[in-house]
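Have a look at target_31.cif; it's mmCIF, C-alpha atoms (C1' of nucleotides):
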data_model
#
loop_
_atom_site.label_atom_id
_atom_site.label_comp_id
_atom_site.auth_asym_id
_atom_site.auth_seq_id
_atom_site.Cartn_x
_atom_site.Cartn_y
_atom_site.Cartn_z
CA MET A 11 -5.74 7.35 13.87
CA MET A 12 -5.85 9.24 10.62
CA GLY A 13 -4.14 7.29 7.87
CA ALA A 14 -5.61 3.95 8.92
CA THR A 15 -7.99 1.97 6.76
CA LYS A 16 -11.57 1.79 8.09
CA THR A 17 -12.02 -1.96 7.63
CA GLU A 18 -14.95 -2.10 10.06
CA HIS A 19 -17.21 -0.31 7.59
CA PHE A 20 -16.93 -2.93 4.89
CA THR A 21 -18.15 -6.47 4.51
CA GLU A 22 -16.03 -9.44 5.47
CA ASN A 23 -15.80 -10.48 1.84
CA GLN A 24 -14.73 -7.01 0.71
CA ASN A 25 -12.02 -6.98 3.36
CA MET A 26 -10.90 -10.46 2.36
CA ILE A 27 -10.65 -9.63 -1.33
CA ALA A 28 -8.83 -6.41 -0.49
CA THR A 29 -6.35 -8.25 1.72
CA ILE A 30 -5.50 -10.78 -0.97
CA ALA A 31 -5.37 -8.12 -3.68
CA LYS A 32 -3.13 -5.97 -1.53
CA ALA A 33 -0.70 -8.84 -1.12
CA LEU A 34 -0.54 -9.08 -4.92
CA GLY A 35 -0.17 -5.33 -5.17
CA HIS A 36 3.59 -5.49 -5.49
CA PRO A 37 5.42 -6.83 -8.56
CA ALA A 38 7.92 -8.74 -6.43
CA ARG A 39 5.11 -10.68 -4.82
CA VAL A 40 3.51 -11.37 -8.18
CA ALA A 41 6.91 -12.60 -9.36
CA ILE A 42 7.28 -14.82 -6.29
CA LEU A 43 3.85 -16.29 -6.88
CA GLU A 44 4.60 -16.99 -10.53
CA TYR A 45 7.95 -18.53 -9.67
CA LEU A 46 6.29 -20.76 -7.09
CA ILE A 47 3.76 -21.87 -9.66
CA LYS A 48 6.55 -22.70 -12.10
CA VAL A 49 8.69 -24.71 -9.69
CA ASN A 50 5.79 -26.02 -7.57
CA SER A 51 7.70 -25.52 -4.34
CA CYS A 52 10.97 -23.98 -3.21
CA ILE A 53 12.83 -22.44 -0.32
CA CYS A 54 13.42 -18.77 0.43
CA GLY A 55 17.01 -18.91 -0.83
CA ASP A 56 15.87 -19.99 -4.29
CA ILE A 57 13.76 -16.85 -4.57
CA VAL A 58 16.62 -14.70 -3.29
CA ASN A 59 18.71 -16.10 -6.16
CA GLU A 60 15.88 -15.49 -8.61
CA LEU A 61 14.90 -11.91 -7.75
CA PRO A 62 17.03 -8.77 -7.43
CA LEU A 63 16.12 -8.19 -3.81
CA ALA A 64 17.97 -8.83 -0.57
CA GLN A 65 17.17 -11.80 1.64
CA PRO A 66 15.36 -9.83 4.37
CA THR A 67 13.21 -8.17 1.71
CA ILE A 68 12.22 -11.50 0.19
CA SER A 69 11.53 -12.87 3.64
CA GLN A 70 9.24 -9.94 4.34
CA HIS A 71 7.36 -10.39 1.05
CA LEU A 72 6.93 -14.10 1.79
CA LYS A 73 5.49 -13.20 5.16
CA GLU A 74 2.90 -10.95 3.56
CA LEU A 75 1.93 -13.54 0.98
CA LYS A 76 1.57 -16.05 3.79
CA ASN A 77 -0.49 -13.69 5.96
CA ALA A 78 -2.83 -13.11 3.03
CA GLY A 79 -3.19 -16.86 2.66
CA LEU A 80 -1.65 -16.99 -0.80
CA ILE A 81 1.20 -19.32 0.11
CA LYS A 82 1.97 -21.93 2.70
CA GLY A 83 5.28 -22.76 4.34
CA THR A 84 6.38 -25.90 6.10
CA VAL A 85 9.57 -26.44 8.02
CA GLU A 86 11.80 -28.99 6.33
CA GLY A 87 15.10 -29.50 8.09
CA ASN A 88 16.70 -26.12 8.57
CA SER A 89 14.92 -24.59 5.61
CA ILE A 90 11.27 -23.80 4.89
CA CYS A 91 9.41 -25.20 1.92
CA TYR A 92 7.03 -22.71 0.37
CA CYS A 93 4.23 -23.43 -2.04
CA ILE A 94 1.00 -21.98 -3.40
CA ALA A 95 -2.21 -22.11 -1.38
CA GLU A 96 -4.51 -23.27 -4.17
CA LYS A 97 -7.69 -22.43 -2.28
CA THR A 98 -6.90 -18.73 -2.25
CA ILE A 99 -6.06 -18.64 -5.95
CA ASP A 100 -9.36 -20.41 -6.59
CA LYS A 101 -11.12 -17.85 -4.43
CA MET A 102 -9.77 -15.02 -6.54
CA GLN A 103 -10.59 -16.81 -9.76
CA ASP A 104 -14.14 -17.32 -8.54
CA TYR A 105 -14.44 -13.71 -7.47
CA PHE A 106 -13.41 -12.29 -10.83
CA ALA A 107 -15.49 -14.83 -12.70
CA HIS A 108 -18.42 -13.82 -10.55
CA ILE A 109 -18.14 -10.09 -11.08
CA ALA A 110 -17.26 -10.51 -14.76
CA GLY A 111 -20.49 -12.49 -15.11
CA LYS A 112 -22.45 -9.66 -13.54
CA LEU A 113 -21.19 -7.02 -15.95
CA ASN A 114 -23.77 -5.39 -18.16
CA ARG A 115 -21.38 -5.01 -21.15
CA LYS A 116 -23.23 -2.02 -22.52
CA ASN A 117 -23.02 0.85 -20.14
CA ASP A 118 -25.25 3.92 -20.18
CA CYS A 119 -22.27 6.21 -20.30
CA CYS A 120 -18.48 5.80 -20.66
CA MET B 27 15.40 6.28 -2.73
CA MET B 28 14.95 3.53 -0.21
CA GLY B 29 11.28 2.72 0.23
CA ALA B 30 10.45 2.83 -3.47
CA THR B 31 9.30 -0.20 -5.41
CA LYS B 32 11.82 -1.50 -7.95
CA THR B 33 9.38 -1.87 -10.84
CA GLU B 34 12.15 -1.93 -13.45
CA HIS B 35 13.25 -5.38 -12.31
CA PHE B 36 9.97 -7.07 -13.11
CA THR B 37 8.13 -7.90 -16.29
CA GLU B 38 5.54 -5.59 -17.79
CA ASN B 39 2.82 -8.12 -17.04
CA GLN B 40 3.91 -8.53 -13.43
CA ASN B 41 3.82 -4.76 -12.98
CA MET B 42 0.43 -4.54 -14.64
CA ILE B 43 -1.11 -7.25 -12.47
CA ALA B 44 0.43 -5.64 -9.38
CA THR B 45 -0.96 -2.22 -10.33
CA ILE B 46 -4.49 -3.54 -10.76
CA ALA B 47 -4.26 -5.69 -7.63
CA LYS B 48 -2.94 -2.75 -5.65
CA ALA B 49 -5.94 -0.67 -6.70
CA LEU B 50 -8.18 -3.42 -5.35
CA GLY B 51 -6.07 -3.64 -2.21
CA HIS B 52 -8.40 -1.44 -0.20
CA PRO B 53 -11.89 -2.47 0.93
CA ALA B 54 -13.38 0.91 -0.02
CA ARG B 55 -12.25 0.43 -3.60
CA VAL B 56 -13.61 -3.12 -3.69
CA ALA B 57 -16.89 -1.70 -2.36
CA ILE B 58 -16.91 1.01 -5.03
CA LEU B 59 -16.30 -1.57 -7.73
CA GLU B 60 -19.09 -3.80 -6.45
CA TYR B 61 -21.47 -0.86 -6.18
CA LEU B 62 -20.64 0.16 -9.75
CA ILE B 63 -21.35 -3.35 -10.93
CA LYS B 64 -24.69 -3.31 -9.15
CA VAL B 65 -25.90 0.03 -10.47
CA ASN B 66 -24.07 -0.17 -13.81
CA SER B 67 -23.05 3.48 -13.67
CA CYS B 68 -23.24 6.36 -11.22
CA ILE B 69 -21.74 9.65 -10.17
CA CYS B 70 -19.28 10.35 -7.37
CA GLY B 71 -21.99 11.73 -5.08
CA ASP B 72 -23.91 8.46 -5.17
CA ILE B 73 -20.86 6.66 -3.82
CA VAL B 74 -20.36 9.32 -1.16
CA ASN B 75 -23.93 8.61 0.00
CA GLU B 76 -23.26 4.88 -0.10
CA LEU B 77 -19.96 4.65 1.76
CA PRO B 78 -18.91 6.07 5.14
CA LEU B 79 -16.13 8.19 3.71
CA ALA B 80 -15.84 11.89 2.96
CA GLN B 81 -16.15 13.21 -0.57
CA PRO B 82 -12.45 13.98 -1.07
CA THR B 83 -11.61 10.47 0.07
CA ILE B 84 -14.04 8.90 -2.40
CA SER B 85 -12.73 11.15 -5.14
CA GLN B 86 -9.21 9.97 -4.40
CA HIS B 87 -10.22 6.31 -4.46
CA LEU B 88 -12.00 6.85 -7.78
CA LYS B 89 -8.84 8.40 -9.16
CA GLU B 90 -6.81 5.36 -8.20
CA LEU B 91 -9.34 2.95 -9.68
CA LYS B 92 -9.28 5.01 -12.85
CA ASN B 93 -5.47 5.16 -12.99
CA ALA B 94 -5.36 1.38 -12.65
CA GLY B 95 -7.79 1.11 -15.56
CA LEU B 96 -10.54 -0.50 -13.51
CA ILE B 97 -13.13 2.20 -14.11
CA LYS B 98 -13.89 4.86 -16.69
CA GLY B 99 -15.38 8.29 -16.19
CA THR B 100 -17.07 10.56 -18.67
CA VAL B 101 -18.17 14.12 -18.13
CA GLU B 102 -21.93 14.47 -18.23
CA GLY B 103 -23.17 17.96 -17.53
CA ASN B 104 -21.59 19.11 -14.29
CA SER B 105 -21.16 15.62 -12.95
CA ILE B 106 -19.03 12.67 -14.03
CA CYS B 107 -20.50 9.30 -14.93
CA TYR B 108 -18.38 6.43 -13.69
CA CYS B 109 -18.60 2.82 -14.79
CA ILE B 110 -16.60 -0.40 -14.88
CA ALA B 111 -13.86 -0.95 -17.45
CA GLU B 112 -14.84 -4.47 -18.46
CA LYS B 113 -11.55 -5.16 -20.23
CA THR B 114 -9.56 -4.88 -17.02
CA ILE B 115 -11.91 -7.14 -15.11
CA ASP B 116 -11.61 -9.66 -17.92
CA LYS B 117 -7.84 -9.33 -17.74
CA MET B 118 -7.84 -10.25 -14.07
CA GLN B 119 -10.27 -13.10 -14.63
CA ASP B 120 -8.01 -14.45 -17.37
CA TYR B 121 -4.93 -14.07 -15.19
CA PHE B 122 -6.34 -16.03 -12.27
CA ALA B 123 -7.85 -18.64 -14.57
CA HIS B 124 -4.46 -18.99 -16.19
CA ILE B 125 -2.47 -19.45 -13.01
CA ALA B 126 -5.17 -21.64 -11.44
CA GLY B 127 -4.85 -23.87 -14.49
CA LYS B 128 -1.12 -24.15 -14.01
CA LEU B 129 -1.36 -25.35 -10.42
CA ASN B 130 -0.06 -28.78 -9.67
CA ARG B 131 -2.69 -29.51 -6.99
CA LYS B 132 -0.47 -31.97 -5.16
CA ASN B 133 2.56 -30.22 -3.80
CA ASP B 134 5.74 -31.91 -2.66
CA CYS B 135 5.54 -30.21 0.69
CA CYS B 136 3.00 -28.01 2.49
"C1'" DA C 2 31.07 -27.91 20.75
"C1'" DA C 3 32.17 -25.10 16.85
"C1'" DT C 4 30.74 -24.06 12.33
"C1'" DC C 5 27.85 -23.69 8.46
"C1'" DT C 6 23.34 -22.99 6.27
"C1'" DA C 7 18.84 -21.04 5.94
"C1'" DT C 8 15.51 -17.94 7.46
"C1'" DA C 9 13.47 -14.54 10.47
"C1'" DT C 10 13.56 -10.34 13.08
"C1'" DC C 11 15.16 -5.69 14.45
"C1'" DG C 12 16.10 -1.11 13.47
"C1'" DT C 13 15.85 2.51 10.51
"C1'" DA C 14 15.59 5.60 6.39
"C1'" DA C 15 12.90 6.66 2.38
"C1'" DT C 16 8.66 6.65 0.36
"C1'" DA C 17 3.66 5.87 -0.17
"C1'" DT C 18 -1.07 5.61 1.43
"C1'" DT C 19 -5.19 7.02 3.93
"C1'" DG C 20 -8.40 10.34 5.39
"C1'" DC C 21 -10.40 14.76 5.64
"C1'" DA C 22 -11.09 20.00 6.13
"C1'" DA C 23 -10.64 23.73 3.28
"C1'" DT C 24 -10.75 25.40 -1.09
"C1'" DA C 25 -10.76 25.57 -6.10
"C1'" DA C 26 -12.91 24.58 -10.54
"C1'" DT C 27 -16.69 23.89 -13.58
"C1'" DA C 28 -21.16 23.65 -15.26
"C1'" DA C 29 -26.09 24.01 -14.48
"C1'" DA C 30 -29.97 26.62 -12.47
"C1'" DA C 31 -32.26 30.57 -10.75
"C1'" DT D 22 -24.77 37.15 -12.67
"C1'" DT D 23 -25.34 35.18 -8.33
"C1'" DT D 24 -26.29 30.88 -6.48
"C1'" DT D 25 -26.29 25.98 -6.35
"C1'" DA D 26 -24.51 21.42 -7.38
"C1'" DT D 27 -20.81 18.31 -8.32
"C1'" DT D 28 -16.22 16.95 -8.43
"C1'" DA D 29 -11.23 17.74 -8.07
"C1'" DT D 30 -7.20 19.56 -5.76
"C1'" DT D 31 -4.35 21.19 -1.95
"C1'" DG D 32 -2.31 20.68 2.37
"C1'" DC D 33 -1.46 18.13 6.18
"C1'" DA D 34 -1.39 14.62 9.98
"C1'" DA D 35 -1.35 9.74 10.92
"C1'" DT D 36 -0.14 5.46 9.44
"C1'" DA D 37 1.76 1.87 6.38
"C1'" DT D 38 5.01 0.02 3.06
"C1'" DT D 39 9.50 -0.90 1.02
"C1'" DA D 40 14.18 -2.01 1.29
"C1'" DC D 41 18.25 -3.55 3.50
"C1'" DG D 42 22.32 -3.96 6.91
"C1'" DA D 43 23.00 -6.03 11.12
"C1'" DT D 44 21.81 -9.51 14.02
"C1'" DA D 45 19.27 -13.34 16.01
"C1'" DT D 46 17.49 -18.06 15.67
"C1'" DA D 47 17.45 -22.87 14.63
"C1'" DG D 48 18.67 -27.00 12.52
"C1'" DA D 49 22.40 -29.47 10.05
"C1'" DT D 50 27.28 -30.66 9.51
"C1'" DT D 51 31.82 -31.34 10.89
#

For this file, produce the structure as structure tokens.
Amino acid sequence: MMGATKTEHFTENQNMIATIAKALGHPARVAILEYLIKVNSCICGDIVNELPLAQPTISQHLKELKNAGLIKGTVEGNSICYCIAEKTIDKMQDYFAHIAGKLNRKNDCC
Amino acid sequence: MMGATKTEHFTENQNMIATIAKALGHPARVAILEYLIKVNSCICGDIVNELPLAQPTISQHLKELKNAGLIKGTVEGNSICYCIAEKTIDKMQDYFAHIAGKLNRKNDCC
DNA sequence: AATCTATATCGTAATATTGCAATAATAAAA
DNA sequence: TTTTATTATTGCAATATTACGATATAGATT
């Protein structure tokens, strides 16, 4: 087990932030998130039409966003309605606000 | 070139957010960031003593944080003083505040 | 029931990341 | 100048990610 991340050595919060950040660590997923914010909710096919990626690739990206808790999906007929999970966005906003508030703003060095 | 990210298809901002998020997409790098915020500035060795990872591994994580613009490092004698790049933290705070503000907060579905 | 529509999953190739031992590089200290 | 201290780089093994064609799944439509 060499190239595997040692999650057990870090706090739950650090792992949580990392998981969400990782999910946003790909421009396609950022684009999906922004599109979802713009249209409020949509189905997978809409995103396939919007982005230059194949349907299985979009599906995979949606899965990762969902696993990270950034989006939700509900079955609606034979399609699935996706939308933003506000709570997680709020969590990230709070996190950055929190650490930004802790910054010294005049470092010793650098 | 199959498993390579198609950055050229996304906006500059989407790529920038993804790059920063990706750098925070590992708990060790979140831990390094939080430690740096706590102590204001430190050298690589301090982080090696703090986290359960070998020196080359820490060095690599620092490099990635630096490449993403999240930290700065300045040579100081034979060691390097690392500290937070406030601007980038602010950028992320602004980004999440911006998208949080755009949320509908009562979705059609989900 | 057969077909269409929408999405997920499988399989696989290409690429990237993670982690560390060994070693190099550089500057201070002795 | 030899040694020590600090950090970066190299090389490599293990694992993870990215992308997509082919195929499966499931609900709607005819």

Kindly provide, as a PyMOL selection string, the residues of chain B having any atom no farther than 8 Å from an atom of chain D, counting only C-alpha atoms (C1' of nucleotides).
chain B and resi 28-31+70-71+85+104-106

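As for atom C1' of DA7 of chain C and atom CA of Cys52 of chain A, they are spaced 12.4 Å apart.
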
Counting all atoms listed in the file, which residues from chain B have an atom at most 8 Å from any atom of chain A, and could you show them as a tab-separated table (two decimals) with C-alpha atoms, in the coordinates of the input?
chain	number	residue	atom	x	y	z
B	31	THR	CA	9.30	-0.20	-5.41
B	33	THR	CA	9.38	-1.87	-10.84
B	35	HIS	CA	13.25	-5.38	-12.31
B	36	PHE	CA	9.97	-7.07	-13.11
B	40	GLN	CA	3.91	-8.53	-13.43
B	41	ASN	CA	3.82	-4.76	-12.98
B	43	ILE	CA	-1.11	-7.25	-12.47
B	44	ALA	CA	0.43	-5.64	-9.38
B	45	THR	CA	-0.96	-2.22	-10.33
B	46	ILE	CA	-4.49	-3.54	-10.76
B	47	ALA	CA	-4.26	-5.69	-7.63
B	48	LYS	CA	-2.94	-2.75	-5.65
B	49	ALA	CA	-5.94	-0.67	-6.70
B	50	LEU	CA	-8.18	-3.42	-5.35
B	51	GLY	CA	-6.07	-3.64	-2.21
B	52	HIS	CA	-8.40	-1.44	-0.20
B	53	PRO	CA	-11.89	-2.47	0.93
B	54	ALA	CA	-13.38	0.91	-0.02
B	56	VAL	CA	-13.61	-3.12	-3.69
B	57	ALA	CA	-16.89	-1.70	-2.36
B	60	GLU	CA	-19.09	-3.80	-6.45
B	63	ILE	CA	-21.35	-3.35	-10.93
B	66	ASN	CA	-24.07	-0.17	-13.81
B	67	SER	CA	-23.05	3.48	-13.67
B	78	PRO	CA	-18.91	6.07	5.14
B	98	LYS	CA	-13.89	4.86	-16.69
B	99	GLY	CA	-15.38	8.29	-16.19
B	100	THR	CA	-17.07	10.56	-18.67
B	107	CYS	CA	-20.50	9.30	-14.93
B	108	TYR	CA	-18.38	6.43	-13.69
B	109	CYS	CA	-18.60	2.82	-14.79
B	112	GLU	CA	-14.84	-4.47	-18.46
B	115	ILE	CA	-11.91	-7.14	-15.11
B	116	ASP	CA	-11.61	-9.66	-17.92
B	118	MET	CA	-7.84	-10.25	-14.07
B	119	GLN	CA	-10.27	-13.10	-14.63
B	122	PHE	CA	-6.34	-16.03	-12.27
B	123	ALA	CA	-7.85	-18.64	-14.57
B	125	ILE	CA	-2.47	-19.45	-13.01
B	126	ALA	CA	-5.17	-21.64	-11.44
B	128	LYS	CA	-1.12	-24.15	-14.01
B	129	LEU	CA	-1.36	-25.35	-10.42
B	130	ASN	CA	-0.06	-28.78	-9.67
B	131	ARG	CA	-2.69	-29.51	-6.99
B	133	ASN	CA	2.56	-30.22	-3.80
B	134	ASP	CA	5.74	-31.91	-2.66
B	135	CYS	CA	5.54	-30.21	0.69
B	136	CYS	CA	3.00	-28.01	2.49

Work out how far atom CA of Leu96 of chain B is from atom C1' of DA28 of chain C, in Å to one decimal.
26.4 Å

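The interatomic distance for the pair atom C1' of DA3 of chain C and atom CA of Gly87 of chain A works out to 19.7 Å.
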
For segment 91-117 of chain B, supply N, CA and C atoms and report the output as a short mmCIF file (atom, residue, chain, number, x, y, z; two decimals), in the frame of the given file.
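Dumped everything to selection_17.cif:
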data_model
loop_
_atom_site.label_atom_id
_atom_site.label_comp_id
_atom_site.auth_asym_id
_atom_site.auth_seq_id
_atom_site.Cartn_x
_atom_site.Cartn_y
_atom_site.Cartn_z
N LEU B 91 -8.69 3.99 -8.87
CA LEU B 91 -9.34 2.95 -9.68
C LEU B 91 -9.23 3.28 -11.16
N LYS B 92 -9.34 4.56 -11.46
CA LYS B 92 -9.28 5.01 -12.85
C LYS B 92 -7.85 4.87 -13.39
N ASN B 93 -6.88 5.28 -12.59
CA ASN B 93 -5.47 5.16 -12.99
C ASN B 93 -5.08 3.71 -13.25
N ALA B 94 -5.66 2.81 -12.48
CA ALA B 94 -5.36 1.38 -12.65
C ALA B 94 -6.14 0.79 -13.81
N GLY B 95 -7.02 1.59 -14.40
CA GLY B 95 -7.79 1.11 -15.56
C GLY B 95 -8.98 0.25 -15.19
N LEU B 96 -9.41 0.32 -13.93
CA LEU B 96 -10.54 -0.50 -13.51
C LEU B 96 -11.89 0.17 -13.75
N ILE B 97 -11.89 1.49 -13.81
CA ILE B 97 -13.13 2.20 -14.11
C ILE B 97 -12.87 3.29 -15.14
N LYS B 98 -13.96 3.76 -15.74
CA LYS B 98 -13.89 4.86 -16.69
C LYS B 98 -14.82 5.95 -16.20
N GLY B 99 -14.52 7.18 -16.57
CA GLY B 99 -15.38 8.29 -16.19
C GLY B 99 -15.57 9.24 -17.36
N THR B 100 -16.81 9.59 -17.61
CA THR B 100 -17.07 10.56 -18.67
C THR B 100 -17.88 11.72 -18.14
N VAL B 101 -17.49 12.90 -18.57
CA VAL B 101 -18.17 14.12 -18.13
C VAL B 101 -19.59 14.12 -18.70
N GLU B 102 -20.52 14.45 -17.84
CA GLU B 102 -21.93 14.47 -18.23
C GLU B 102 -22.59 15.64 -17.50
N GLY B 103 -22.69 16.75 -18.19
CA GLY B 103 -23.17 17.96 -17.53
C GLY B 103 -22.14 18.40 -16.52
N ASN B 104 -22.56 18.70 -15.31
CA ASN B 104 -21.59 19.11 -14.29
C ASN B 104 -21.19 17.96 -13.38
N SER B 105 -21.61 16.78 -13.72
CA SER B 105 -21.16 15.62 -12.95
C SER B 105 -20.38 14.67 -13.85
N ILE B 106 -19.82 13.64 -13.27
CA ILE B 106 -19.03 12.67 -14.03
C ILE B 106 -19.61 11.28 -13.85
N CYS B 107 -19.90 10.64 -14.97
CA CYS B 107 -20.50 9.30 -14.93
C CYS B 107 -19.40 8.25 -14.90
N TYR B 108 -19.39 7.48 -13.83
CA TYR B 108 -18.38 6.43 -13.69
C TYR B 108 -18.97 5.06 -13.98
N CYS B 109 -18.17 4.20 -14.59
CA CYS B 109 -18.60 2.82 -14.79
C CYS B 109 -17.39 1.90 -14.89
N ILE B 110 -17.65 0.63 -14.84
CA ILE B 110 -16.60 -0.40 -14.88
C ILE B 110 -15.90 -0.44 -16.24
N ALA B 111 -14.61 -0.67 -16.21
CA ALA B 111 -13.86 -0.95 -17.45
C ALA B 111 -13.79 -2.47 -17.59
N GLU B 112 -14.69 -3.01 -18.36
CA GLU B 112 -14.84 -4.47 -18.46
C GLU B 112 -13.52 -5.17 -18.83
N LYS B 113 -12.81 -4.56 -19.75
CA LYS B 113 -11.55 -5.16 -20.23
C LYS B 113 -10.61 -5.54 -19.09
N THR B 114 -10.51 -4.65 -18.11
CA THR B 114 -9.56 -4.88 -17.02
C THR B 114 -10.05 -5.99 -16.11
N ILE B 115 -11.35 -6.04 -15.88
CA ILE B 115 -11.91 -7.14 -15.11
C ILE B 115 -11.64 -8.46 -15.82
N ASP B 116 -11.87 -8.45 -17.12
CA ASP B 116 -11.61 -9.66 -17.92
C ASP B 116 -10.14 -10.08 -17.81
N LYS B 117 -9.27 -9.07 -17.83
CA LYS B 117 -7.84 -9.33 -17.74
C LYS B 117 -7.51 -10.07 -16.45
#
